[in-house]
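Note: the block below is coords.txt and it holds compact mmCIF, C-alpha atoms.
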```
# COMPACT_ATOMS: atom_id res chain seq x y z
CA MET A 1 -125.23 52.30 -44.64
CA THR A 2 -128.20 50.03 -45.10
CA ALA A 3 -129.83 52.72 -47.25
CA ALA A 4 -127.11 52.12 -49.84
CA GLY A 5 -128.67 48.77 -50.68
CA THR A 6 -132.28 49.93 -50.69
CA GLY A 7 -132.13 52.18 -53.74
CA ASN A 8 -131.84 55.51 -51.92
CA ILE A 9 -130.82 57.87 -54.73
CA LEU A 10 -129.19 60.40 -52.38
CA VAL A 11 -126.95 57.73 -50.87
CA SER A 12 -126.04 56.48 -54.34
CA ARG A 13 -125.09 59.99 -55.45
CA LEU A 14 -122.97 60.52 -52.35
CA ILE A 15 -121.09 57.26 -52.96
CA HIS A 16 -120.60 58.15 -56.63
CA ARG A 17 -119.19 61.59 -55.77
CA ALA A 18 -116.75 60.10 -53.25
CA HIS A 19 -115.50 57.79 -55.97
CA ALA A 20 -115.42 60.27 -58.84
CA GLU A 21 -114.43 63.62 -57.34
CA PRO A 22 -111.11 64.49 -55.71
CA GLY A 23 -111.46 65.78 -52.16
CA TRP A 24 -114.64 63.82 -51.44
CA HIS A 25 -114.23 61.11 -48.81
CA LEU A 26 -116.64 58.67 -47.20
CA TYR A 27 -115.68 56.93 -43.99
CA ALA A 28 -117.30 53.77 -42.67
CA PRO A 29 -116.62 53.13 -38.97
CA ALA A 30 -116.10 49.39 -38.51
CA CYS A 31 -118.70 49.13 -35.74
CA ALA A 32 -121.31 50.82 -37.93
CA LEU A 33 -120.50 48.34 -40.71
CA VAL A 34 -121.19 45.48 -38.32
CA GLU A 35 -124.56 46.95 -37.34
CA ALA A 36 -125.49 47.58 -40.98
CA ASP A 37 -124.52 44.03 -41.94
CA ARG A 38 -126.64 42.58 -39.14
CA THR A 39 -129.61 44.58 -40.42
CA ARG A 40 -128.96 43.83 -44.09
CA PRO A 41 -126.55 40.91 -44.64
CA GLY A 42 -123.89 41.58 -47.27
CA THR A 43 -123.79 45.33 -46.64
CA ALA A 44 -120.34 45.31 -45.03
CA GLU A 45 -118.71 43.38 -47.87
CA HIS A 46 -120.40 45.56 -50.49
CA LEU A 47 -119.43 48.89 -48.92
CA ALA A 48 -115.90 47.79 -48.04
CA ALA A 49 -115.34 46.85 -51.69
CA LEU A 50 -116.27 50.29 -53.01
CA PRO A 51 -113.21 52.40 -53.93
CA GLY A 52 -114.64 55.66 -52.56
CA ILE A 53 -115.13 54.38 -49.01
CA THR A 54 -112.49 54.15 -46.29
CA VAL A 55 -113.20 51.73 -43.44
CA LEU A 56 -112.13 53.20 -40.10
CA ASP A 57 -110.55 50.65 -37.80
CA LEU A 58 -111.36 50.31 -34.15
CA ASP A 59 -108.24 51.88 -32.64
CA LEU A 60 -107.55 52.56 -28.95
CA ALA A 61 -109.05 56.06 -29.01
CA ALA A 62 -112.24 54.67 -30.57
CA VAL A 63 -112.38 51.84 -28.02
CA LEU A 64 -112.17 54.32 -25.16
CA ALA A 65 -114.92 56.46 -26.72
CA ILE A 66 -117.15 53.43 -27.31
CA ALA A 67 -116.71 52.16 -23.76
CA ARG A 68 -118.65 55.19 -22.48
CA GLN A 69 -121.62 54.80 -24.87
CA VAL A 70 -124.61 52.49 -25.19
CA THR A 71 -124.33 51.38 -28.83
CA TRP A 72 -121.05 50.58 -30.50
CA ALA A 73 -122.10 51.73 -33.97
CA GLN A 74 -123.32 55.16 -32.88
CA ALA A 75 -120.36 55.65 -30.55
CA HIS A 76 -117.80 54.72 -33.21
CA THR A 77 -119.52 56.97 -35.74
CA GLN A 78 -119.66 59.88 -33.30
CA HIS A 79 -115.98 59.36 -32.49
CA ALA A 80 -115.11 59.27 -36.20
CA ALA A 81 -116.96 62.56 -36.78
CA GLN A 82 -114.84 64.46 -34.27
CA PRO A 83 -111.99 66.68 -35.50
CA THR A 84 -108.61 65.03 -36.04
CA PRO A 85 -105.33 66.22 -37.54
CA ASP A 86 -106.42 64.63 -40.86
CA ARG A 87 -109.93 66.12 -40.61
CA PRO A 88 -109.60 69.38 -38.63
CA ASP A 89 -113.26 70.26 -39.20
CA GLY A 90 -114.40 66.77 -38.30
CA ALA A 91 -116.74 64.78 -40.50
CA ILE A 92 -120.44 64.95 -41.26
CA VAL A 93 -122.66 61.99 -40.42
CA ALA A 94 -124.74 61.09 -43.49
CA THR A 95 -127.92 59.35 -42.37
CA ILE A 96 -131.51 58.54 -43.17
CA ASN A 97 -132.25 58.68 -39.44
CA PRO A 98 -131.25 62.20 -38.35
CA GLY A 99 -133.27 61.92 -35.12
CA ARG A 100 -130.77 59.33 -33.90
CA TRP A 101 -128.18 62.12 -33.70
CA LYS A 102 -130.28 64.62 -31.79
CA ASP A 103 -128.40 66.05 -28.80
CA THR A 104 -125.02 64.76 -30.02
CA PRO A 105 -122.05 66.95 -31.00
CA VAL A 106 -122.03 65.95 -34.69
CA ARG A 107 -123.07 67.61 -37.92
CA VAL A 108 -125.69 65.66 -39.83
CA LEU A 109 -126.50 65.35 -43.53
CA ASP A 110 -130.09 64.13 -43.85
CA LEU A 111 -130.35 61.67 -46.75
CA THR A 112 -134.03 60.94 -46.27
CA PRO A 113 -135.63 60.75 -49.72
```
Any chance you could give the structure as structure tokens?
Amino acid sequence: MTAAGTGNILVSRLIHRAHAEPGWHLYAPACALVEADRTRPGTAEHLAALPGITVLDLDLAAVLAIARQVTWAQAHTQHAAQPTPDRPDGAIVATINPGRWKDTPVRVLDLTP
């Protein structure tokens, strides 16, 4: 999420597609927004204001998943990437730090320039 404010062209294109093309969705887990905002103040407000991004609340299922993990942001993101009735195939984690997701059960889209 912090890459969105650093001029990463791949992140910008992804955000644009989610806004402009039907069927494209970007999800921002609330805990990941907090971490991004701590790293780069203003990130949470900026991303939450974009029409192509849906902020995922911290519901009970997410709380239970986070309670078993070390970092809230990674745990909430991993939980959000799991299959649900709305997203039967799950979601893909778009990141500029794909190594962070090594040995986790998520699909990763590497946005490293």
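Distance cut-off 9 Å, centre (-128.7, 65.3, -36.9), atoms counted all atoms listed in the file; the residues meeting this are Val93, Ala94, Thr95, Asn97, Pro98, Gly99, Arg100, Trp101, Lys102, Asp103, Thr104, Val106, Arg107, Val108, Leu109 and Asp110 of chain A.
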Taking all atoms listed in the file into account, which of A:Pro41, A:Gly90, A:Pro29, A:Gly52 comes nearest Thr77 (chain A)?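 Looking only at the distances to Thr77 (chain A), the closest residue turns out to be A:Pro29.
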Show me the residues around (-112.1, 53.7, -30.9) - criterion: an atom at most 10 Å away, all atoms listed in the file counted - as a short mmCIF file (atom, residue, chain, number, x, y, z; two decimals) with C-alpha atoms, keeping the file's coordinate frame.
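Full text of selection.cif as output:
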```
data_model
loop_
_atom_site.label_atom_id
_atom_site.label_comp_id
_atom_site.auth_asym_id
_atom_site.auth_seq_id
_atom_site.Cartn_x
_atom_site.Cartn_y
_atom_site.Cartn_z
CA PRO A 29 -116.62 53.13 -38.97
CA ALA A 30 -116.10 49.39 -38.51
CA CYS A 31 -118.70 49.13 -35.74
CA LEU A 56 -112.13 53.20 -40.10
CA ASP A 57 -110.55 50.65 -37.80
CA LEU A 58 -111.36 50.31 -34.15
CA ASP A 59 -108.24 51.88 -32.64
CA LEU A 60 -107.55 52.56 -28.95
CA ALA A 61 -109.05 56.06 -29.01
CA ALA A 62 -112.24 54.67 -30.57
CA VAL A 63 -112.38 51.84 -28.02
CA LEU A 64 -112.17 54.32 -25.16
CA ALA A 65 -114.92 56.46 -26.72
CA ILE A 66 -117.15 53.43 -27.31
CA ALA A 67 -116.71 52.16 -23.76
CA TRP A 72 -121.05 50.58 -30.50
CA ALA A 75 -120.36 55.65 -30.55
CA HIS A 76 -117.80 54.72 -33.21
CA THR A 77 -119.52 56.97 -35.74
CA HIS A 79 -115.98 59.36 -32.49
CA ALA A 80 -115.11 59.27 -36.20
#
```
Need to verify the contact set: region 9-23 of chain A, 8 Å, all atoms listed in the file, exclusion of same-chain residues closer than 3 positions in sequence. Can you return it as a VMD selection string? chain A and resid 3 to 4 26 51 to 53 111 to 113
From the options A:Ala48, A:Thr43, A:Ile92, A:Thr71, which residue's atoms come nearest to Thr6 (chain A), counting all atoms listed in the file? A:Thr43
CA of Arg38 (chain A) to CA of Gln69 (chain A), distance in Å rounded to a single decimal: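 Going from CA of Arg38 (chain A) over to CA of Gln69 (chain A), I get 19.4 Å.
One distance worth recording is that between CA of Leu33 (chain A) and CA of Val55 (chain A), which is 8.5 Å.
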One residue among A:Glu35, A:Gly7, A:His25, A:Met1 is nearest to Asp86 (chain A) when using all atoms listed in the file, and that residue is A:His25
In Å, how far is it from CA of Ala44 (chain A) to CA of Pro85 (chain A)? 26.8 Å
Skipping near chain neighbours, those fewer than 4 positions away, what residues fall within 7 Å of Ala91 (chain A) using only C-alpha atoms, listed as a PyMOL selection string? chain A and resi 81-82+87
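Between Trp24 (chain A) and the candidates A:Ala49, A:Thr84, A:Thr54, A:Gln78, the tightest atom-to-atom separation, counting all atoms listed in the file, involves A:Thr54.
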